[in-house]
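Next up, protein-v9.txt (compact mmCIF, C-alpha atoms):
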```txt
# COMPACT_ATOMS: atom_id res chain seq x y z
CA MET A 10 -0.50 5.77 18.66
CA GLU A 11 2.58 7.06 16.89
CA ASN A 12 2.21 9.61 14.21
CA ASN A 13 4.39 8.66 11.27
CA SER A 14 5.59 12.06 10.24
CA ASN A 15 8.49 10.37 8.48
CA PRO A 16 7.15 7.25 6.81
CA ASN A 17 9.92 4.96 5.63
CA GLY A 18 9.86 5.86 2.01
CA VAL A 19 7.79 4.68 -0.84
CA SER A 20 5.63 1.59 -0.97
CA ARG A 21 6.09 -0.20 -4.26
CA ILE A 22 4.13 -2.68 -6.28
CA THR A 23 6.67 -3.55 -8.94
CA ALA A 24 6.20 -5.02 -12.38
CA GLY A 25 5.49 -8.73 -12.06
CA THR A 26 3.37 -8.14 -8.99
CA SER A 27 -0.33 -8.38 -8.50
CA PHE A 28 -2.25 -7.05 -5.54
CA LYS A 29 -5.92 -7.28 -4.89
CA GLY A 30 -7.20 -5.56 -1.82
CA GLU A 31 -6.90 -2.33 0.10
CA ILE A 32 -4.01 -0.07 0.86
CA MET A 33 -4.02 2.57 3.54
CA SER A 34 -0.82 4.55 3.50
CA ALA A 35 0.67 7.61 5.10
CA GLY A 36 3.40 7.70 2.48
CA ASP A 37 3.81 7.61 -1.26
CA ILE A 38 2.93 4.63 -3.38
CA ARG A 39 4.31 3.58 -6.73
CA ILE A 40 2.56 0.99 -8.87
CA ASP A 41 4.19 -0.69 -11.87
CA GLY A 42 2.27 -3.95 -11.66
CA ASN A 43 -1.37 -4.90 -11.35
CA PHE A 44 -3.67 -3.50 -8.75
CA ASP A 45 -7.32 -4.13 -8.12
CA GLY A 46 -8.89 -2.52 -5.12
CA ARG A 47 -8.87 0.62 -3.11
CA ILE A 48 -6.11 2.99 -2.05
CA VAL A 49 -6.45 5.72 0.53
CA SER A 50 -3.21 7.62 0.90
CA LYS A 51 -2.07 10.82 2.49
CA GLY A 52 0.78 10.97 0.02
CA ARG A 53 1.14 10.75 -3.67
CA LEU A 54 0.35 7.91 -6.03
CA VAL A 55 2.55 7.27 -9.04
CA VAL A 56 1.23 4.84 -11.60
CA GLY A 57 3.92 3.65 -14.02
CA GLU A 58 3.59 3.05 -17.75
CA ASN A 59 3.13 -0.69 -17.51
CA ALA A 60 0.73 -0.58 -14.61
CA ASP A 61 -2.77 -1.88 -14.97
CA ILE A 62 -5.09 -0.68 -12.27
CA LYS A 63 -8.72 -0.97 -11.36
CA GLY A 64 -10.64 0.42 -8.45
CA ASP A 65 -10.87 3.49 -6.26
CA PHE A 66 -7.97 5.74 -5.46
CA PHE A 67 -7.95 8.61 -2.98
CA CYS A 68 -4.58 10.34 -2.72
CA GLN A 69 -2.99 13.70 -2.26
CA ASP A 70 -1.43 13.86 -5.73
CA VAL A 71 -1.70 11.40 -8.56
CA ASP A 72 0.92 10.99 -11.28
CA PHE A 73 -0.67 8.71 -13.84
CA SER A 74 1.08 7.02 -16.78
CA GLY A 75 -0.63 3.63 -16.93
CA LYS A 76 -4.04 2.18 -17.62
CA LEU A 77 -7.22 2.47 -15.62
CA GLU A 78 -10.37 0.54 -16.48
CA GLY A 79 -13.27 1.77 -14.48
CA GLY A 80 -13.14 3.28 -11.06
CA VAL A 81 -12.59 6.49 -9.26
CA ILE A 82 -9.50 8.64 -8.90
CA VAL A 83 -9.72 11.42 -6.36
CA ALA A 84 -6.68 13.64 -6.05
CA LYS A 85 -6.82 16.14 -3.24
CA ASN A 86 -4.35 18.31 -5.05
CA LEU A 87 -3.01 17.54 -8.52
CA LEU A 88 -4.06 14.84 -10.94
CA PHE A 89 -1.46 14.57 -13.68
CA LEU A 90 -2.17 12.42 -16.72
CA LYS A 91 1.05 11.72 -18.54
CA PRO A 92 1.50 10.92 -22.25
CA GLY A 93 0.55 7.35 -23.03
CA SER A 94 -1.79 7.04 -20.09
CA SER A 95 -5.26 5.72 -20.64
CA ILE A 96 -8.37 6.08 -18.53
CA GLN A 97 -11.54 4.28 -19.60
CA ASN A 98 -14.76 4.78 -17.68
CA GLY A 99 -13.04 6.72 -14.98
CA ASN A 100 -14.61 9.15 -12.56
CA LEU A 101 -11.98 11.74 -11.76
CA SER A 102 -12.13 14.30 -9.00
CA PHE A 103 -9.33 16.73 -8.30
CA LYS A 104 -8.37 20.21 -7.37
CA LEU A 105 -6.00 20.65 -10.29
CA LEU A 106 -5.85 18.62 -13.47
CA GLN A 107 -3.11 18.44 -16.03
CA VAL A 108 -3.56 16.29 -19.12
CA GLU A 109 -0.56 15.82 -21.40
CA PRO A 110 -0.81 15.27 -25.16
CA GLU A 111 -1.53 11.63 -26.14
CA ALA A 112 -3.16 10.87 -22.84
CA ILE A 113 -6.51 9.14 -23.32
CA LEU A 114 -9.29 10.16 -21.03
CA ASN A 115 -12.81 8.72 -21.12
CA GLY A 116 -14.86 9.54 -18.12
CA THR A 117 -16.17 12.28 -15.92
CA CYS A 118 -14.28 15.09 -14.29
CA HIS A 119 -15.16 17.02 -11.20
CA VAL A 120 -13.39 19.74 -9.27
CA LEU A 121 -13.22 19.15 -5.53
CA LYS A 122 -14.57 21.63 -3.04
CA ASP A 123 -12.88 22.15 0.34
CA GLY A 124 -13.40 19.19 2.58
CA GLU A 125 -14.89 17.06 -0.15
CA PHE A 126 -11.82 14.86 -0.43
CA GLU A 127 -12.10 13.73 3.18
CA LYS A 128 -15.75 12.99 2.72
CA LEU A 129 -15.23 10.92 -0.42
CA ALA A 130 -12.33 9.00 1.06
CA GLY A 131 -14.25 8.33 4.23
CA MET A 132 -11.57 10.04 6.29
CA PRO A 133 -12.22 12.17 9.34
CA GLU A 134 -11.35 15.80 8.69
CA SER A 135 -7.79 15.97 9.93
CA LYS A 136 -7.06 19.64 9.79
CA PRO A 137 -9.49 22.45 10.55
CA ALA A 138 -10.52 24.47 7.56
CA PRO A 139 -8.53 27.70 7.23
CA ALA A 140 -10.08 30.19 9.63
CA PRO A 141 -12.69 32.27 7.88
CA ALA A 142 -13.19 35.86 8.93
CA PRO A 143 -13.59 35.69 12.70
CA ALA A 144 -16.99 36.33 14.14
CA PRO A 145 -17.54 39.96 15.07
CA ALA A 146 -15.71 40.77 18.28
CA PRO A 147 -17.91 39.87 21.21
CA GLU A 148 -18.89 43.24 22.55
CA LYS A 149 -21.56 41.99 24.80
CA ILE A 150 -19.92 40.05 27.58
CA GLU A 151 -22.62 39.13 29.95
CA LYS A 152 -20.27 37.71 32.56
CA ASP A 153 -18.74 39.73 35.31
CA VAL A 154 -16.25 41.97 33.69
CA PRO A 155 -14.60 44.16 36.27
CA LYS A 156 -15.10 47.64 35.06
CA GLU A 157 -12.05 49.80 35.18
CA MET B 17 10.67 9.73 -20.47
CA ALA B 18 10.82 7.58 -17.37
CA ALA B 19 14.13 5.83 -16.81
CA VAL B 20 13.81 2.28 -15.55
CA ILE B 21 15.79 2.07 -12.33
CA ASN B 22 16.67 -1.28 -10.83
CA GLU B 23 15.49 -0.01 -7.50
CA ASN B 24 11.98 -0.56 -8.76
CA ASP B 25 12.50 -4.30 -8.78
CA VAL B 26 12.02 -4.71 -5.07
CA SER B 27 8.44 -4.35 -4.03
CA ARG B 28 7.94 -2.74 -0.70
CA ILE B 29 5.29 -2.11 1.89
CA ALA B 30 6.74 0.92 3.62
CA GLY B 31 6.35 1.82 7.28
CA GLY B 32 3.13 3.76 7.63
CA ALA B 33 1.39 1.68 4.97
CA LYS B 34 -1.19 -1.02 5.52
CA PHE B 35 -2.00 -3.56 2.83
CA VAL B 36 -5.02 -5.80 3.23
CA GLY B 37 -5.72 -8.43 0.61
CA ASP B 38 -4.09 -10.94 -1.73
CA TYR B 39 -0.59 -10.17 -2.91
CA SER B 40 1.44 -12.06 -5.48
CA THR B 41 4.85 -11.15 -6.77
CA GLN B 42 7.58 -12.70 -8.87
CA ARG B 43 10.12 -10.35 -7.39
CA ASP B 44 11.53 -9.73 -3.95
CA LEU B 45 9.39 -8.06 -1.33
CA ARG B 46 10.22 -6.14 1.80
CA ILE B 47 7.64 -5.38 4.46
CA ASP B 48 8.20 -2.52 6.92
CA GLY B 49 4.55 -1.72 7.38
CA THR B 50 1.49 -3.85 8.03
CA PHE B 51 0.14 -6.63 5.86
CA GLU B 52 -3.00 -8.68 6.37
CA GLY B 53 -4.07 -11.43 4.04
CA ARG B 54 -2.42 -13.92 1.74
CA LEU B 55 0.97 -13.25 0.27
CA PHE B 56 2.95 -15.09 -2.34
CA CYS B 57 6.50 -14.03 -3.15
CA ASP B 58 8.55 -15.95 -5.67
CA GLY B 59 11.76 -14.47 -4.38
CA HIS B 60 13.11 -13.15 -1.15
CA LEU B 61 10.53 -12.10 1.36
CA ILE B 62 11.95 -9.90 4.11
CA ILE B 63 9.90 -8.73 7.05
CA GLY B 64 11.65 -5.78 8.63
CA GLU B 65 11.83 -5.07 12.35
CA ASN B 66 8.77 -2.88 12.34
CA GLY B 67 6.86 -5.05 9.92
CA ILE B 68 3.68 -6.70 11.13
CA VAL B 69 2.10 -9.50 9.17
CA LYS B 70 -1.13 -11.38 9.79
CA GLY B 71 -2.10 -14.20 7.51
CA ASP B 72 -0.60 -16.75 5.19
CA LEU B 73 2.81 -16.15 3.65
CA LEU B 74 4.45 -18.12 0.91
CA GLY B 75 7.96 -17.26 -0.15
CA LYS B 76 10.92 -18.83 -1.83
CA ASN B 77 13.21 -17.58 0.92
CA ILE B 78 11.74 -15.87 3.96
CA SER B 79 13.63 -13.78 6.47
CA ILE B 80 11.77 -12.43 9.49
CA ASN B 81 12.94 -9.63 11.77
CA GLY B 82 9.51 -8.38 12.76
CA THR B 83 6.16 -9.72 13.84
CA VAL B 84 4.07 -12.46 12.31
CA LEU B 85 0.75 -13.24 13.96
CA GLY B 86 -1.44 -16.19 13.19
CA GLY B 87 -1.56 -18.08 9.92
CA ASN B 88 0.87 -20.27 8.07
CA LEU B 89 4.31 -19.59 6.68
CA TYR B 90 5.50 -21.64 3.77
CA ALA B 91 9.06 -21.35 2.60
CA LYS B 92 9.99 -23.15 -0.59
CA GLU B 93 13.64 -23.15 0.36
CA ALA B 94 14.89 -21.46 3.47
CA LEU B 95 13.07 -19.82 6.35
CA SER B 96 14.98 -17.70 8.81
CA LEU B 97 13.68 -16.25 12.09
CA LYS B 98 16.12 -13.57 13.17
CA SER B 99 16.97 -12.44 16.65
CA GLY B 100 14.31 -10.07 17.95
CA CYS B 101 11.48 -11.32 15.82
CA ASN B 102 8.12 -12.38 17.16
CA VAL B 103 6.45 -15.20 15.28
CA SER B 104 3.19 -16.81 16.24
CA ALA B 105 2.37 -19.08 13.33
CA ASP B 106 2.81 -22.52 11.83
CA LEU B 107 5.97 -22.96 9.78
CA HIS B 108 6.44 -25.15 6.74
CA PHE B 109 9.88 -25.22 5.16
CA GLN B 110 12.65 -27.18 3.57
CA ARG B 111 15.32 -25.53 5.65
CA VAL B 112 14.94 -23.41 8.74
CA GLN B 113 17.07 -21.30 10.99
CA ILE B 114 15.83 -19.82 14.26
CA GLU B 115 18.29 -17.46 15.93
CA LEU B 116 18.71 -17.02 19.64
CA ASP B 117 16.34 -14.35 21.02
CA ALA B 118 13.79 -15.04 18.34
CA LYS B 119 10.35 -15.47 19.87
CA PHE B 120 8.49 -18.29 18.28
CA VAL B 121 5.25 -20.06 19.10
CA GLY B 122 3.78 -22.54 16.67
CA GLN B 123 4.26 -25.78 14.84
CA CYS B 124 7.03 -26.74 12.46
CA GLN B 125 6.85 -29.02 9.52
CA LEU B 126 9.27 -30.10 6.82
CA ILE B 127 7.76 -29.97 3.36
CA GLU B 128 8.73 -30.89 -0.17
CA ALA B 129 8.86 -28.35 -2.98
CA SER B 130 5.90 -30.06 -4.66
CA GLU B 131 3.74 -29.56 -1.61
CA TYR B 132 4.67 -25.89 -1.60
CA ASP B 133 3.64 -25.54 -5.24
CA LYS B 134 0.29 -27.08 -4.47
CA VAL B 135 -0.44 -24.61 -1.70
CA ALA B 136 0.83 -21.73 -3.80
CA ALA B 137 -1.29 -22.59 -6.85
CA PRO B 138 -4.26 -20.24 -6.22
CA LEU B 139 -1.96 -17.30 -5.57
CA THR B 140 0.35 -18.05 -8.50
CA ALA B 141 -2.74 -17.98 -10.68
CA MET B 142 -3.12 -14.30 -9.78
CA LEU B 143 0.09 -13.55 -11.60
CA LYS B 144 -1.13 -14.74 -15.00
```
Rewrite the structure from the file as structure tokens, please.
Amino acid sequence: MENNSNPNGVSRITAGTSFKGEIMSAGDIRIDGNFDGRIVSKGRLVVGENADIKGDFFCQDVDFSGKLEGGVIVAKNLLFLKPGSSIQNGNLSFKLLQVEPEAILNGTCHVLKDGEFEKLAGMPESKPAPAPAPAPAPEKIEKDVPKE
Amino acid sequence: MAAVINENDVSRIAGGAKFVGDYSTQRDLRIDGTFEGRLFCDGHLIIGENGIVKGDLLGKNISINGTVLGGNLYAKEALSLKSGCNVSADLHFQRVQIELDAKFVGQCQLIEASEYDKVAAPLTAMLK
């Protein structure tokens, strides 16, 4: 199975478009139309000013300028609510949150712990957690260690 | 202040993306990734070489360079299977072109525009 380290650019749901269903993407997604469903993305999600979205979104970064009615946004890194954006009944989870003036936010906020994003998105943990302090050096080696 | 760029007028399913569901658009659409479900495009529908589509497609003009498995393709005007494509579906069109080296298995049928509109009705309703 090929690993798309260079996905061909951005997926787009333009204005005048309506999609109901699921998106699984390795790349970035931009929505300017209507979306109802679930997105799991390893990239960033940009929601334009005229976009109307509903559902669950799990992405690396989220750049939000549109409208959300109900649902979940989980941003592994940054969730950015731009001026004019509106979230009603949203459940937001993120590592970093930036809310601009004149953004409307009605909902709950929650800061993600390490590894929580993968769990919420239903993804297998892709990269090992950064190595914590290594276990104390194994002094007792029971096997045959040729003594000098 | 976001500038409106014309580039945003073409919807796209990029390589590395998988869309599953019902999709309706008034604009053009290009598929380089994977799509499963029902799709209605009131413009040009282009399936790129690496694009894989399973399901029913309705487009004003459809141009296929990639893979289409199962389902029905309805083209309101012209349907074009390009060299190198792999299509395993039933085709309904007003005009068709199948290039040499296009792989095609399925049935073909000439349709009128009115018949196309009838089949497209449930998906067009999504756009309201």
Near chain A, 6 Å: chain B residue rows, closest pairs, all atoms listed in the file, as JSON lines:
```
{"residue": "B:Asp25", "atom": "CA", "partner": "A:Thr23", "partner_atom": "CA", "distance": 5.9}
{"residue": "B:Ser27", "atom": "CA", "partner": "A:Arg21", "partner_atom": "CA", "distance": 4.8}
{"residue": "B:Arg28", "atom": "CA", "partner": "A:Arg21", "partner_atom": "CA", "distance": 4.7}
{"residue": "B:Ile29", "atom": "CA", "partner": "A:Ser20", "partner_atom": "CA", "distance": 4.7}
{"residue": "B:Ala30", "atom": "CA", "partner": "A:Ser20", "partner_atom": "CA", "distance": 4.8}
{"residue": "B:Gly31", "atom": "CA", "partner": "A:Asn17", "partner_atom": "CA", "distance": 5.0}
{"residue": "B:Gly32", "atom": "CA", "partner": "A:Ala35", "partner_atom": "CA", "distance": 5.2}
{"residue": "B:Ala33", "atom": "CA", "partner": "A:Ser34", "partner_atom": "CA", "distance": 3.9}
{"residue": "B:Lys34", "atom": "CA", "partner": "A:Met33", "partner_atom": "CA", "distance": 5.0}
{"residue": "B:Phe35", "atom": "CA", "partner": "A:Ile32", "partner_atom": "CA", "distance": 4.5}
{"residue": "B:Val36", "atom": "CA", "partner": "A:Glu31", "partner_atom": "CA", "distance": 5.0}
{"residue": "B:Gly37", "atom": "CA", "partner": "A:Gly30", "partner_atom": "CA", "distance": 4.0}
{"residue": "B:Asp38", "atom": "CA", "partner": "A:Lys29", "partner_atom": "CA", "distance": 5.2}
{"residue": "B:Tyr39", "atom": "CA", "partner": "A:Phe28", "partner_atom": "CA", "distance": 4.4}
{"residue": "B:Ser40", "atom": "CA", "partner": "A:Ser27", "partner_atom": "CA", "distance": 5.1}
{"residue": "B:Thr41", "atom": "CA", "partner": "A:Thr26", "partner_atom": "CA", "distance": 4.0}
{"residue": "B:Gln42", "atom": "CA", "partner": "A:Gly25", "partner_atom": "CA", "distance": 5.5}
```
Kindly extract all protein, DNA and RNA residues lying within 8 Å of the coordinates (-5.9, 16.9, -14.4) given in the file, considering all atoms listed in the file, and supply them as number ranges by chain.
A: 87-90, 103, 105-108
Output C-alpha atoms of each residue in that selection to a file, as an mmCIF file, in the frame of the given file.
```
data_model
loop_
_atom_site.group_PDB
_atom_site.id
_atom_site.type_symbol
_atom_site.label_atom_id
_atom_site.label_comp_id
_atom_site.auth_asym_id
_atom_site.auth_seq_id
_atom_site.Cartn_x
_atom_site.Cartn_y
_atom_site.Cartn_z
ATOM 1 C CA LEU A 87 -3.010 17.540 -8.520
ATOM 2 C CA LEU A 88 -4.060 14.840 -10.940
ATOM 3 C CA PHE A 89 -1.460 14.570 -13.680
ATOM 4 C CA LEU A 90 -2.170 12.420 -16.720
ATOM 5 C CA PHE A 103 -9.330 16.730 -8.300
ATOM 6 C CA LEU A 105 -6.000 20.650 -10.290
ATOM 7 C CA LEU A 106 -5.850 18.620 -13.470
ATOM 8 C CA GLN A 107 -3.110 18.440 -16.030
ATOM 9 C CA VAL A 108 -3.560 16.290 -19.120
#
```
Interatomic distance, atom CA of Ala129 of chain B to atom CA of Glu52 of chain B (Å, one decimal)
24.8 Å
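One finds atom CA of Arg43 of chain B at 23.3 Å from atom CA of Cys101 of chain B.
Between atom CA of Glu65 of chain B and atom CA of Ile127 of chain B there is a distance of 26.8 Å.
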The residues within 12 Å of (-0.4, -24.6, -1.8), using all atoms listed in the file and the coordinates of the file, should be reported as a PyMOL selection string; which are they?
chain B and resi 54-56+72-75+88-92+108+127-141
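Distance check against Phe51 of chain B using only C-alpha atoms: of B:Gly100, B:Gly71, B:Gly87, B:Gly64, the minimum falls on B:Gly71.
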Which neighbours of Lys70 of chain B fall inside 6 Å, counting all atoms listed in the file, when residues of the same chain fewer than 5 positions from it are skipped, and could you give them as a ChimeraX atom specification?
/B:52,84-86
Step by step: locate segment 107-134 of chain B in the block above, keep N, CA and C atoms, then write the file as a PDB file, in the first residue's frame.
```
ATOM      1  N   LEU B 107     -23.408   2.528 -19.198  1.00  0.00           N
ATOM      2  CA  LEU B 107     -23.337   3.909 -19.650  1.00  0.00           C
ATOM      3  C   LEU B 107     -24.648   4.360 -20.267  1.00  0.00           C
ATOM      4  N   HIS B 108     -25.026   5.591 -19.899  1.00  0.00           N
ATOM      5  CA  HIS B 108     -26.224   6.184 -20.490  1.00  0.00           C
ATOM      6  C   HIS B 108     -25.842   7.580 -20.950  1.00  0.00           C
ATOM      7  N   PHE B 109     -26.055   7.921 -22.201  1.00  0.00           N
ATOM      8  CA  PHE B 109     -25.504   9.173 -22.713  1.00  0.00           C
ATOM      9  C   PHE B 109     -26.296   9.663 -23.902  1.00  0.00           C
ATOM     10  N   GLN B 110     -26.017  10.921 -24.263  1.00  0.00           N
ATOM     11  CA  GLN B 110     -26.534  11.396 -25.546  1.00  0.00           C
ATOM     12  C   GLN B 110     -25.480  11.215 -26.620  1.00  0.00           C
ATOM     13  N   ARG B 111     -24.225  11.530 -26.210  1.00  0.00           N
ATOM     14  CA  ARG B 111     -23.116  11.321 -27.142  1.00  0.00           C
ATOM     15  C   ARG B 111     -21.998  10.624 -26.409  1.00  0.00           C
ATOM     16  N   VAL B 112     -21.293   9.757 -27.076  1.00  0.00           N
ATOM     17  CA  VAL B 112     -20.216   9.032 -26.417  1.00  0.00           C
ATOM     18  C   VAL B 112     -18.991   8.946 -27.307  1.00  0.00           C
ATOM     19  N   GLN B 113     -17.836   8.906 -26.631  1.00  0.00           N
ATOM     20  CA  GLN B 113     -16.614   8.660 -27.369  1.00  0.00           C
ATOM     21  C   GLN B 113     -15.770   7.697 -26.556  1.00  0.00           C
ATOM     22  N   ILE B 114     -15.357   6.594 -27.142  1.00  0.00           N
ATOM     23  CA  ILE B 114     -14.501   5.648 -26.433  1.00  0.00           C
ATOM     24  C   ILE B 114     -13.208   5.541 -27.224  1.00  0.00           C
ATOM     25  N   GLU B 115     -12.091   5.989 -26.605  1.00  0.00           N
ATOM     26  CA  GLU B 115     -10.827   5.987 -27.334  1.00  0.00           C
ATOM     27  C   GLU B 115     -10.234   4.591 -27.403  1.00  0.00           C
ATOM     28  N   LEU B 116      -9.309   4.412 -28.319  1.00  0.00           N
ATOM     29  CA  LEU B 116      -8.577   3.158 -28.386  1.00  0.00           C
ATOM     30  C   LEU B 116      -7.811   2.992 -27.093  1.00  0.00           C
ATOM     31  N   ASP B 117      -7.632   1.778 -26.618  1.00  0.00           N
ATOM     32  CA  ASP B 117      -6.930   1.476 -25.376  1.00  0.00           C
ATOM     33  C   ASP B 117      -7.712   1.891 -24.138  1.00  0.00           C
ATOM     34  N   ALA B 118      -8.979   2.181 -24.312  1.00  0.00           N
ATOM     35  CA  ALA B 118      -9.831   2.336 -23.134  1.00  0.00           C
ATOM     36  C   ALA B 118     -10.387   0.957 -22.827  1.00  0.00           C
ATOM     37  N   LYS B 119     -10.392   0.584 -21.536  1.00  0.00           N
ATOM     38  CA  LYS B 119     -10.960  -0.723 -21.202  1.00  0.00           C
ATOM     39  C   LYS B 119     -12.384  -0.516 -20.740  1.00  0.00           C
ATOM     40  N   PHE B 120     -13.290  -1.163 -21.410  1.00  0.00           N
ATOM     41  CA  PHE B 120     -14.687  -0.942 -21.055  1.00  0.00           C
ATOM     42  C   PHE B 120     -15.475  -2.243 -21.056  1.00  0.00           C
ATOM     43  N   VAL B 121     -16.171  -2.485 -19.958  1.00  0.00           N
ATOM     44  CA  VAL B 121     -17.082  -3.622 -19.879  1.00  0.00           C
ATOM     45  C   VAL B 121     -18.410  -3.116 -19.366  1.00  0.00           C
ATOM     46  N   GLY B 122     -19.478  -3.314 -20.093  1.00  0.00           N
ATOM     47  CA  GLY B 122     -20.774  -2.861 -19.597  1.00  0.00           C
ATOM     48  C   GLY B 122     -21.741  -2.661 -20.735  1.00  0.00           C
ATOM     49  N   GLN B 123     -22.880  -2.079 -20.403  1.00  0.00           N
ATOM     50  CA  GLN B 123     -23.898  -1.851 -21.401  1.00  0.00           C
ATOM     51  C   GLN B 123     -23.964  -0.377 -21.768  1.00  0.00           C
ATOM     52  N   CYS B 124     -24.397  -0.095 -22.966  1.00  0.00           N
ATOM     53  CA  CYS B 124     -24.522   1.282 -23.426  1.00  0.00           C
ATOM     54  C   CYS B 124     -25.952   1.567 -23.786  1.00  0.00           C
ATOM     55  N   GLN B 125     -26.362   2.782 -23.492  1.00  0.00           N
ATOM     56  CA  GLN B 125     -27.721   3.140 -23.861  1.00  0.00           C
ATOM     57  C   GLN B 125     -27.827   4.614 -24.185  1.00  0.00           C
ATOM     58  N   LEU B 126     -28.500   4.943 -25.267  1.00  0.00           N
ATOM     59  CA  LEU B 126     -28.745   6.337 -25.609  1.00  0.00           C
ATOM     60  C   LEU B 126     -29.927   6.822 -24.793  1.00  0.00           C
ATOM     61  N   ILE B 127     -29.784   8.023 -24.209  1.00  0.00           N
ATOM     62  CA  ILE B 127     -30.920   8.550 -23.453  1.00  0.00           C
ATOM     63  C   ILE B 127     -31.252   9.967 -23.894  1.00  0.00           C
ATOM     64  N   GLU B 128     -32.463  10.399 -23.550  1.00  0.00           N
ATOM     65  CA  GLU B 128     -32.845  11.783 -23.790  1.00  0.00           C
ATOM     66  C   GLU B 128     -32.519  12.606 -22.560  1.00  0.00           C
ATOM     67  N   ALA B 129     -32.440  13.920 -22.750  1.00  0.00           N
ATOM     68  CA  ALA B 129     -32.149  14.805 -21.617  1.00  0.00           C
ATOM     69  C   ALA B 129     -33.213  14.685 -20.534  1.00  0.00           C
ATOM     70  N   SER B 130     -34.460  14.475 -20.933  1.00  0.00           N
ATOM     71  CA  SER B 130     -35.551  14.388 -19.945  1.00  0.00           C
ATOM     72  C   SER B 130     -35.378  13.174 -19.050  1.00  0.00           C
ATOM     73  N   GLU B 131     -34.896  12.100 -19.628  1.00  0.00           N
ATOM     74  CA  GLU B 131     -34.691  10.891 -18.836  1.00  0.00           C
ATOM     75  C   GLU B 131     -33.578  11.117 -17.820  1.00  0.00           C
ATOM     76  N   TYR B 132     -32.565  11.844 -18.247  1.00  0.00           N
ATOM     77  CA  TYR B 132     -31.463  12.187 -17.353  1.00  0.00           C
ATOM     78  C   TYR B 132     -31.975  13.004 -16.170  1.00  0.00           C
ATOM     79  N   ASP B 133     -32.822  13.986 -16.469  1.00  0.00           N
ATOM     80  CA  ASP B 133     -33.340  14.841 -15.388  1.00  0.00           C
ATOM     81  C   ASP B 133     -34.132  14.042 -14.382  1.00  0.00           C
ATOM     82  N   LYS B 134     -34.842  13.036 -14.881  1.00  0.00           N
ATOM     83  CA  LYS B 134     -35.637  12.207 -13.979  1.00  0.00           C
ATOM     84  C   LYS B 134     -34.738  11.446 -13.009  1.00  0.00           C
TER      85      LYS B 134
END
```
